[in-house]
$ cat coords-v9.txt   # compact mmCIF, N, CA and C atoms
# COMPACT_ATOMS: atom_id res chain seq x y z
N MET A 113 8.52 -13.13 -5.36
CA MET A 113 8.50 -13.83 -4.10
C MET A 113 9.77 -14.64 -3.88
N SER A 114 10.43 -15.04 -4.95
CA SER A 114 11.64 -15.85 -4.79
C SER A 114 12.75 -15.05 -4.12
N SER A 115 12.70 -13.70 -4.20
CA SER A 115 13.74 -12.89 -3.58
C SER A 115 13.63 -12.88 -2.06
N ILE A 116 12.53 -13.41 -1.52
CA ILE A 116 12.35 -13.45 -0.07
C ILE A 116 13.29 -14.46 0.57
N LYS A 117 13.52 -15.56 -0.14
CA LYS A 117 14.35 -16.63 0.42
C LYS A 117 15.73 -16.10 0.78
N GLY A 118 16.19 -16.49 1.97
CA GLY A 118 17.53 -16.12 2.39
C GLY A 118 17.61 -14.79 3.13
N ARG A 119 16.65 -13.90 2.93
CA ARG A 119 16.70 -12.61 3.62
C ARG A 119 15.71 -12.54 4.76
N GLY A 120 14.74 -13.42 4.78
CA GLY A 120 13.71 -13.37 5.79
C GLY A 120 12.57 -12.46 5.36
N PHE A 121 11.38 -12.91 5.65
CA PHE A 121 10.21 -12.18 5.18
C PHE A 121 10.11 -10.79 5.78
N ASP A 122 10.34 -10.67 7.07
CA ASP A 122 10.20 -9.36 7.72
C ASP A 122 11.12 -8.31 7.09
N SER A 123 12.36 -8.66 6.86
CA SER A 123 13.27 -7.68 6.27
C SER A 123 12.89 -7.39 4.81
N TRP A 124 12.37 -8.40 4.09
CA TRP A 124 11.94 -8.17 2.71
C TRP A 124 10.77 -7.19 2.66
N ILE A 125 9.74 -7.44 3.49
CA ILE A 125 8.58 -6.56 3.47
C ILE A 125 8.93 -5.17 3.97
N ASP A 126 9.83 -5.08 4.96
CA ASP A 126 10.30 -3.76 5.41
C ASP A 126 11.01 -3.02 4.29
N GLN A 127 11.79 -3.73 3.49
CA GLN A 127 12.50 -3.10 2.38
C GLN A 127 11.52 -2.63 1.31
N GLU A 128 10.52 -3.44 1.00
CA GLU A 128 9.50 -3.02 0.04
C GLU A 128 8.77 -1.76 0.54
N PHE A 129 8.46 -1.75 1.82
CA PHE A 129 7.79 -0.57 2.39
C PHE A 129 8.69 0.66 2.31
N GLU A 130 9.96 0.49 2.64
CA GLU A 130 10.90 1.61 2.58
C GLU A 130 11.04 2.11 1.14
N ASN A 131 11.08 1.20 0.19
CA ASN A 131 11.14 1.60 -1.23
C ASN A 131 9.89 2.38 -1.62
N LEU A 132 8.74 1.91 -1.18
CA LEU A 132 7.48 2.61 -1.45
C LEU A 132 7.50 4.00 -0.83
N SER A 133 7.88 4.06 0.42
CA SER A 133 7.93 5.34 1.14
C SER A 133 8.90 6.31 0.47
N ALA A 134 10.06 5.84 0.10
CA ALA A 134 11.05 6.70 -0.56
C ALA A 134 10.51 7.22 -1.88
N THR A 135 9.82 6.37 -2.62
CA THR A 135 9.24 6.79 -3.90
C THR A 135 8.21 7.88 -3.69
N LEU A 136 7.39 7.73 -2.66
CA LEU A 136 6.33 8.72 -2.40
C LEU A 136 6.86 10.01 -1.79
N HIS A 137 8.05 9.96 -1.21
CA HIS A 137 8.64 11.16 -0.62
C HIS A 137 9.64 11.86 -1.54
N ALA A 138 9.90 11.26 -2.68
CA ALA A 138 10.81 11.88 -3.65
C ALA A 138 10.10 13.04 -4.35
N ASP A 139 10.86 13.81 -5.08
CA ASP A 139 10.25 14.87 -5.87
C ASP A 139 9.32 14.24 -6.90
N ILE A 140 8.06 14.64 -6.86
CA ILE A 140 7.05 14.05 -7.73
C ILE A 140 6.76 15.00 -8.88
N ASP A 141 6.90 14.46 -10.08
CA ASP A 141 6.56 15.20 -11.29
C ASP A 141 5.21 14.68 -11.76
N MET A 142 4.17 15.52 -11.62
CA MET A 142 2.83 15.08 -11.94
C MET A 142 2.63 14.83 -13.43
N GLU A 143 3.48 15.38 -14.26
CA GLU A 143 3.38 15.12 -15.70
C GLU A 143 3.93 13.75 -16.04
N GLU A 144 4.93 13.33 -15.33
CA GLU A 144 5.57 12.03 -15.55
C GLU A 144 5.09 11.08 -14.45
N LYS A 145 4.45 10.01 -14.82
CA LYS A 145 3.84 9.10 -13.84
C LYS A 145 4.75 7.95 -13.44
N ALA A 146 6.03 8.02 -13.73
CA ALA A 146 6.95 6.93 -13.39
C ALA A 146 6.98 6.69 -11.88
N TRP A 147 6.91 7.75 -11.10
CA TRP A 147 6.91 7.61 -9.64
C TRP A 147 5.70 6.79 -9.18
N ALA A 148 4.53 7.05 -9.77
CA ALA A 148 3.32 6.33 -9.38
C ALA A 148 3.39 4.87 -9.80
N ASN A 149 3.96 4.60 -10.97
CA ASN A 149 4.15 3.22 -11.41
C ASN A 149 5.10 2.47 -10.48
N ALA A 150 6.19 3.13 -10.10
CA ALA A 150 7.16 2.50 -9.19
C ALA A 150 6.53 2.24 -7.82
N ALA A 151 5.79 3.22 -7.31
CA ALA A 151 5.14 3.07 -6.01
C ALA A 151 4.10 1.95 -6.07
N ARG A 152 3.35 1.90 -7.17
CA ARG A 152 2.34 0.85 -7.33
C ARG A 152 3.00 -0.53 -7.34
N GLU A 153 4.15 -0.64 -7.97
CA GLU A 153 4.86 -1.93 -8.00
C GLU A 153 5.24 -2.38 -6.59
N HIS A 154 5.76 -1.46 -5.78
CA HIS A 154 6.13 -1.82 -4.40
C HIS A 154 4.89 -2.20 -3.58
N ALA A 155 3.81 -1.43 -3.73
CA ALA A 155 2.58 -1.75 -3.01
C ALA A 155 2.02 -3.10 -3.48
N SER A 156 2.13 -3.37 -4.77
CA SER A 156 1.66 -4.64 -5.32
C SER A 156 2.49 -5.81 -4.78
N ASN A 157 3.78 -5.62 -4.64
CA ASN A 157 4.64 -6.67 -4.07
C ASN A 157 4.21 -6.99 -2.64
N ILE A 158 3.91 -5.94 -1.87
CA ILE A 158 3.45 -6.14 -0.49
C ILE A 158 2.11 -6.87 -0.50
N LYS A 159 1.20 -6.45 -1.39
CA LYS A 159 -0.12 -7.09 -1.49
C LYS A 159 0.01 -8.57 -1.82
N GLU A 160 0.82 -8.89 -2.83
CA GLU A 160 0.97 -10.28 -3.25
C GLU A 160 1.56 -11.14 -2.13
N ALA A 161 2.54 -10.61 -1.44
CA ALA A 161 3.13 -11.36 -0.32
C ALA A 161 2.11 -11.57 0.79
N ALA A 162 1.32 -10.54 1.09
CA ALA A 162 0.31 -10.66 2.13
C ALA A 162 -0.76 -11.68 1.76
N LEU A 163 -1.13 -11.71 0.48
CA LEU A 163 -2.11 -12.70 0.03
C LEU A 163 -1.58 -14.12 0.18
N VAL A 164 -0.32 -14.31 -0.20
CA VAL A 164 0.30 -15.63 -0.07
C VAL A 164 0.36 -16.06 1.40
N MET A 165 0.66 -15.11 2.28
CA MET A 165 0.77 -15.41 3.71
C MET A 165 -0.59 -15.42 4.42
N ASN A 166 -1.65 -15.08 3.67
CA ASN A 166 -3.01 -15.01 4.21
C ASN A 166 -3.14 -13.96 5.32
N TRP A 167 -2.48 -12.83 5.11
CA TRP A 167 -2.57 -11.72 6.05
C TRP A 167 -3.59 -10.73 5.51
N GLU A 168 -4.82 -10.90 5.94
CA GLU A 168 -5.96 -10.19 5.36
C GLU A 168 -5.85 -8.67 5.50
N LEU A 169 -5.53 -8.19 6.68
CA LEU A 169 -5.48 -6.74 6.87
C LEU A 169 -4.40 -6.10 6.00
N LEU A 170 -3.22 -6.66 6.00
CA LEU A 170 -2.13 -6.11 5.19
C LEU A 170 -2.50 -6.18 3.70
N ALA A 171 -3.09 -7.27 3.28
CA ALA A 171 -3.49 -7.39 1.88
C ALA A 171 -4.54 -6.35 1.51
N PHE A 172 -5.49 -6.10 2.40
CA PHE A 172 -6.53 -5.11 2.14
C PHE A 172 -5.93 -3.70 2.01
N VAL A 173 -5.07 -3.34 2.95
CA VAL A 173 -4.47 -1.99 2.91
C VAL A 173 -3.60 -1.83 1.67
N ALA A 174 -2.83 -2.85 1.34
CA ALA A 174 -1.98 -2.78 0.14
C ALA A 174 -2.84 -2.71 -1.12
N THR A 175 -3.95 -3.41 -1.15
CA THR A 175 -4.86 -3.36 -2.30
C THR A 175 -5.44 -1.95 -2.46
N CYS A 176 -5.85 -1.34 -1.36
CA CYS A 176 -6.36 0.04 -1.40
C CYS A 176 -5.29 0.99 -1.92
N THR A 177 -4.07 0.79 -1.47
CA THR A 177 -2.96 1.63 -1.90
C THR A 177 -2.71 1.45 -3.39
N CYS A 178 -2.73 0.22 -3.86
CA CYS A 178 -2.56 -0.05 -5.29
C CYS A 178 -3.65 0.63 -6.11
N SER A 179 -4.88 0.56 -5.65
CA SER A 179 -6.00 1.19 -6.36
C SER A 179 -5.82 2.69 -6.46
N LEU A 180 -5.40 3.32 -5.38
CA LEU A 180 -5.17 4.76 -5.39
C LEU A 180 -4.06 5.12 -6.37
N LEU A 181 -2.98 4.37 -6.34
CA LEU A 181 -1.86 4.66 -7.24
C LEU A 181 -2.22 4.39 -8.70
N GLU A 182 -3.01 3.35 -8.95
CA GLU A 182 -3.47 3.05 -10.30
C GLU A 182 -4.31 4.20 -10.83
N ALA A 183 -5.17 4.74 -10.00
CA ALA A 183 -6.01 5.88 -10.41
C ALA A 183 -5.15 7.08 -10.78
N ILE A 184 -4.10 7.30 -10.02
CA ILE A 184 -3.20 8.43 -10.33
C ILE A 184 -2.49 8.19 -11.66
N VAL A 185 -2.06 6.96 -11.89
CA VAL A 185 -1.36 6.63 -13.14
C VAL A 185 -2.24 6.93 -14.35
N ILE A 186 -3.52 6.64 -14.24
CA ILE A 186 -4.40 6.83 -15.40
C ILE A 186 -5.04 8.23 -15.43
N GLY A 187 -4.51 9.12 -14.59
CA GLY A 187 -4.96 10.51 -14.67
C GLY A 187 -5.86 10.98 -13.56
N GLY A 188 -6.05 10.16 -12.55
CA GLY A 188 -6.89 10.54 -11.42
C GLY A 188 -6.25 11.61 -10.55
N ARG A 189 -7.01 12.08 -9.63
CA ARG A 189 -6.60 13.15 -8.72
C ARG A 189 -5.46 12.71 -7.81
N TYR A 190 -4.44 13.54 -7.74
CA TYR A 190 -3.34 13.32 -6.80
C TYR A 190 -3.62 14.14 -5.55
N ASP A 191 -3.60 13.48 -4.42
CA ASP A 191 -3.78 14.17 -3.15
C ASP A 191 -2.74 13.61 -2.18
N HIS A 192 -1.80 14.46 -1.81
CA HIS A 192 -0.72 14.02 -0.92
C HIS A 192 -1.27 13.48 0.40
N ALA A 193 -2.30 14.11 0.93
CA ALA A 193 -2.87 13.66 2.20
C ALA A 193 -3.43 12.24 2.10
N PHE A 194 -4.09 11.93 0.98
CA PHE A 194 -4.63 10.58 0.80
C PHE A 194 -3.51 9.55 0.72
N LEU A 195 -2.45 9.90 0.02
CA LEU A 195 -1.30 8.99 -0.05
C LEU A 195 -0.67 8.81 1.33
N ALA A 196 -0.58 9.88 2.10
CA ALA A 196 -0.01 9.79 3.44
C ALA A 196 -0.85 8.89 4.33
N VAL A 197 -2.17 8.98 4.22
CA VAL A 197 -3.05 8.10 5.00
C VAL A 197 -2.79 6.65 4.64
N HIS A 198 -2.69 6.36 3.35
CA HIS A 198 -2.44 4.98 2.92
C HIS A 198 -1.06 4.49 3.37
N LEU A 199 -0.07 5.34 3.29
CA LEU A 199 1.27 4.95 3.71
C LEU A 199 1.29 4.67 5.22
N ASN A 200 0.63 5.50 6.00
CA ASN A 200 0.56 5.27 7.45
C ASN A 200 -0.22 4.01 7.77
N ALA A 201 -1.29 3.75 7.02
CA ALA A 201 -2.05 2.52 7.22
C ALA A 201 -1.20 1.30 6.90
N LEU A 202 -0.41 1.38 5.84
CA LEU A 202 0.50 0.28 5.51
C LEU A 202 1.56 0.09 6.59
N ARG A 203 2.06 1.19 7.11
CA ARG A 203 3.07 1.12 8.18
C ARG A 203 2.51 0.34 9.38
N LEU A 204 1.27 0.62 9.73
CA LEU A 204 0.63 -0.08 10.83
C LEU A 204 0.32 -1.53 10.46
N ALA A 205 -0.28 -1.74 9.29
CA ALA A 205 -0.73 -3.07 8.90
C ALA A 205 0.42 -4.05 8.66
N LYS A 206 1.60 -3.55 8.34
CA LYS A 206 2.73 -4.46 8.10
C LYS A 206 3.38 -4.93 9.41
N HIS A 207 3.05 -4.27 10.50
CA HIS A 207 3.62 -4.65 11.80
C HIS A 207 3.16 -6.07 12.15
N PRO A 208 4.07 -6.92 12.62
CA PRO A 208 3.71 -8.31 12.92
C PRO A 208 2.49 -8.45 13.84
N ARG A 209 2.26 -7.50 14.70
CA ARG A 209 1.13 -7.56 15.62
C ARG A 209 -0.21 -7.41 14.90
N TYR A 210 -0.22 -6.71 13.78
CA TYR A 210 -1.47 -6.38 13.11
C TYR A 210 -1.68 -7.05 11.75
N ARG A 211 -0.62 -7.39 11.04
CA ARG A 211 -0.76 -7.77 9.63
C ARG A 211 -1.64 -8.98 9.40
N GLY A 212 -1.74 -9.87 10.35
CA GLY A 212 -2.58 -11.06 10.18
C GLY A 212 -4.02 -10.87 10.62
N MET A 213 -4.36 -9.69 11.09
CA MET A 213 -5.74 -9.44 11.53
C MET A 213 -6.71 -9.53 10.35
N ARG A 214 -7.94 -9.86 10.69
CA ARG A 214 -9.00 -9.79 9.69
C ARG A 214 -9.47 -8.34 9.59
N ARG A 215 -10.11 -8.00 8.48
CA ARG A 215 -10.60 -6.63 8.28
C ARG A 215 -11.55 -6.22 9.40
N ASP A 216 -12.39 -7.14 9.86
CA ASP A 216 -13.37 -6.80 10.90
C ASP A 216 -12.73 -6.58 12.26
N GLN A 217 -11.47 -6.90 12.40
CA GLN A 217 -10.76 -6.65 13.65
C GLN A 217 -10.10 -5.27 13.67
N ALA A 218 -10.17 -4.56 12.58
CA ALA A 218 -9.59 -3.22 12.48
C ALA A 218 -10.58 -2.32 11.72
N LEU A 219 -11.81 -2.28 12.22
CA LEU A 219 -12.89 -1.60 11.51
C LEU A 219 -12.63 -0.11 11.29
N GLU A 220 -12.05 0.56 12.26
CA GLU A 220 -11.80 1.99 12.07
C GLU A 220 -10.85 2.23 10.90
N LEU A 221 -9.81 1.45 10.83
CA LEU A 221 -8.83 1.59 9.75
C LEU A 221 -9.45 1.21 8.40
N THR A 222 -10.08 0.07 8.34
CA THR A 222 -10.62 -0.38 7.07
C THR A 222 -11.79 0.50 6.61
N SER A 223 -12.60 0.96 7.55
CA SER A 223 -13.71 1.86 7.19
C SER A 223 -13.19 3.18 6.65
N ALA A 224 -12.13 3.70 7.26
CA ALA A 224 -11.55 4.96 6.79
C ALA A 224 -11.00 4.82 5.37
N LEU A 225 -10.30 3.72 5.10
CA LEU A 225 -9.76 3.51 3.75
C LEU A 225 -10.87 3.29 2.73
N THR A 226 -11.91 2.57 3.12
CA THR A 226 -13.04 2.36 2.23
C THR A 226 -13.74 3.68 1.94
N SER A 227 -13.87 4.51 2.95
CA SER A 227 -14.50 5.82 2.78
C SER A 227 -13.68 6.70 1.81
N LEU A 228 -12.36 6.69 1.99
CA LEU A 228 -11.50 7.44 1.08
C LEU A 228 -11.62 6.92 -0.34
N SER A 229 -11.68 5.62 -0.49
CA SER A 229 -11.80 5.02 -1.83
C SER A 229 -13.10 5.45 -2.50
N LYS A 230 -14.17 5.47 -1.73
CA LYS A 230 -15.47 5.90 -2.28
C LYS A 230 -15.42 7.38 -2.65
N ARG A 231 -14.79 8.16 -1.79
CA ARG A 231 -14.67 9.60 -2.05
C ARG A 231 -13.92 9.87 -3.36
N LEU A 232 -12.95 9.02 -3.65
CA LEU A 232 -12.17 9.18 -4.89
C LEU A 232 -12.78 8.42 -6.07
N GLY A 233 -13.87 7.73 -5.82
CA GLY A 233 -14.51 6.98 -6.89
C GLY A 233 -13.80 5.69 -7.22
N LEU A 234 -13.08 5.13 -6.26
CA LEU A 234 -12.32 3.90 -6.51
C LEU A 234 -13.08 2.65 -6.08
N ALA A 235 -14.11 2.85 -5.27
CA ALA A 235 -14.85 1.69 -4.75
C ALA A 235 -16.26 1.62 -5.29

$ encode --input "coords-v9.txt" --output "structure tokens"
Amino acid sequence: MSSIKGRGFDSWIDQEFENLSATLHADIDMEEKAWANAAREHASNIKEAALVMNWELLAFVATCTCSLLEAIVIGGRYDHAFLAVHLNALRLAKHPRYRGMRRDQALELTSALTSLSKRLGLA
């Protein structure tokens, strides 16, 4: 969090998101889980910042993303479509217009992520 000072929060969170996105769009070696660990770190940074800022929706989406990536790290199912859904949800939830919303204000989004988590056995 100390790296936020001087750069502004919006540009910091945008950079973390871009790093996460780049990691997920790079060539993925399913035998080597370094990509999933790196992606999880970026998602975790977004989650921690959202928790500090009390941005419930962004924190929820980032937490779901972390859970999915953690499952992959420990040998869970990799599904590109599920990762794409989470990345798109993060893209929306990080937008200043939405990131401070409560979960109940974005029921379609949060219900879809919860449903995916249950489908993967994460919830």

$ residues_around --input "coords-v9.txt" --residues "region 195-207 of chain A" --least-positions-apart "5" --cutoff "6.5 Å" --atoms "all atoms listed in the file" --output "PyMOL selection string"
chain A and resi 169-170+173-174+177+212

$ atom_distance --input "coords-v9.txt" --atom1 "CA of Met213 (chain A)" --atom2 "atom C of Lys159 (chain A)"
14.6 Å

$ closest_residue --input "coords-v9.txt" --among "A:Glu160, A:Glu220, A:Asp139, A:Glu144" --to "Val185 (chain A)" --atoms "only C-alpha atoms"
A:Glu144

$ atom_distance --input "coords-v9.txt" --atom1 "atom N of Ser156 (chain A)" --atom2 "atom N of Thr175 (chain A)"
7.1 Å

$ closest_residue --input "coords-v9.txt" --among "A:His154, A:Ala161, A:Leu225, A:Arg231" --to "Gln127 (chain A)" --atoms "only N, CA and C atoms"
A:His154

$ atom_distance --input "coords-v9.txt" --atom1 "CA of Phe172 (chain A)" --atom2 "CA of Arg214 (chain A)"
9.2 Å

$ select_by_dssp --input "coords-v9.txt" --residues "chain A" --states "alpha helix (DSSP H)" --output "JSON, numbers by chain"
{"A": [121, 122, 123, 124, 125, 126, 127, 128, 129, 130, 131, 132, 133, 134, 135, 136, 137, 146, 147, 148, 149, 150, 151, 152, 153, 154, 155, 156, 157, 158, 159, 160, 161, 162, 163, 164, 165, 168, 169, 170, 171, 172, 173, 174, 175, 176, 177, 178, 179, 180, 181, 182, 183, 184, 185, 192, 193, 194, 195, 196, 197, 198, 199, 200, 201, 202, 203, 204, 205, 219, 220, 221, 222, 223, 224, 225, 226, 227, 228, 229, 230, 231]}
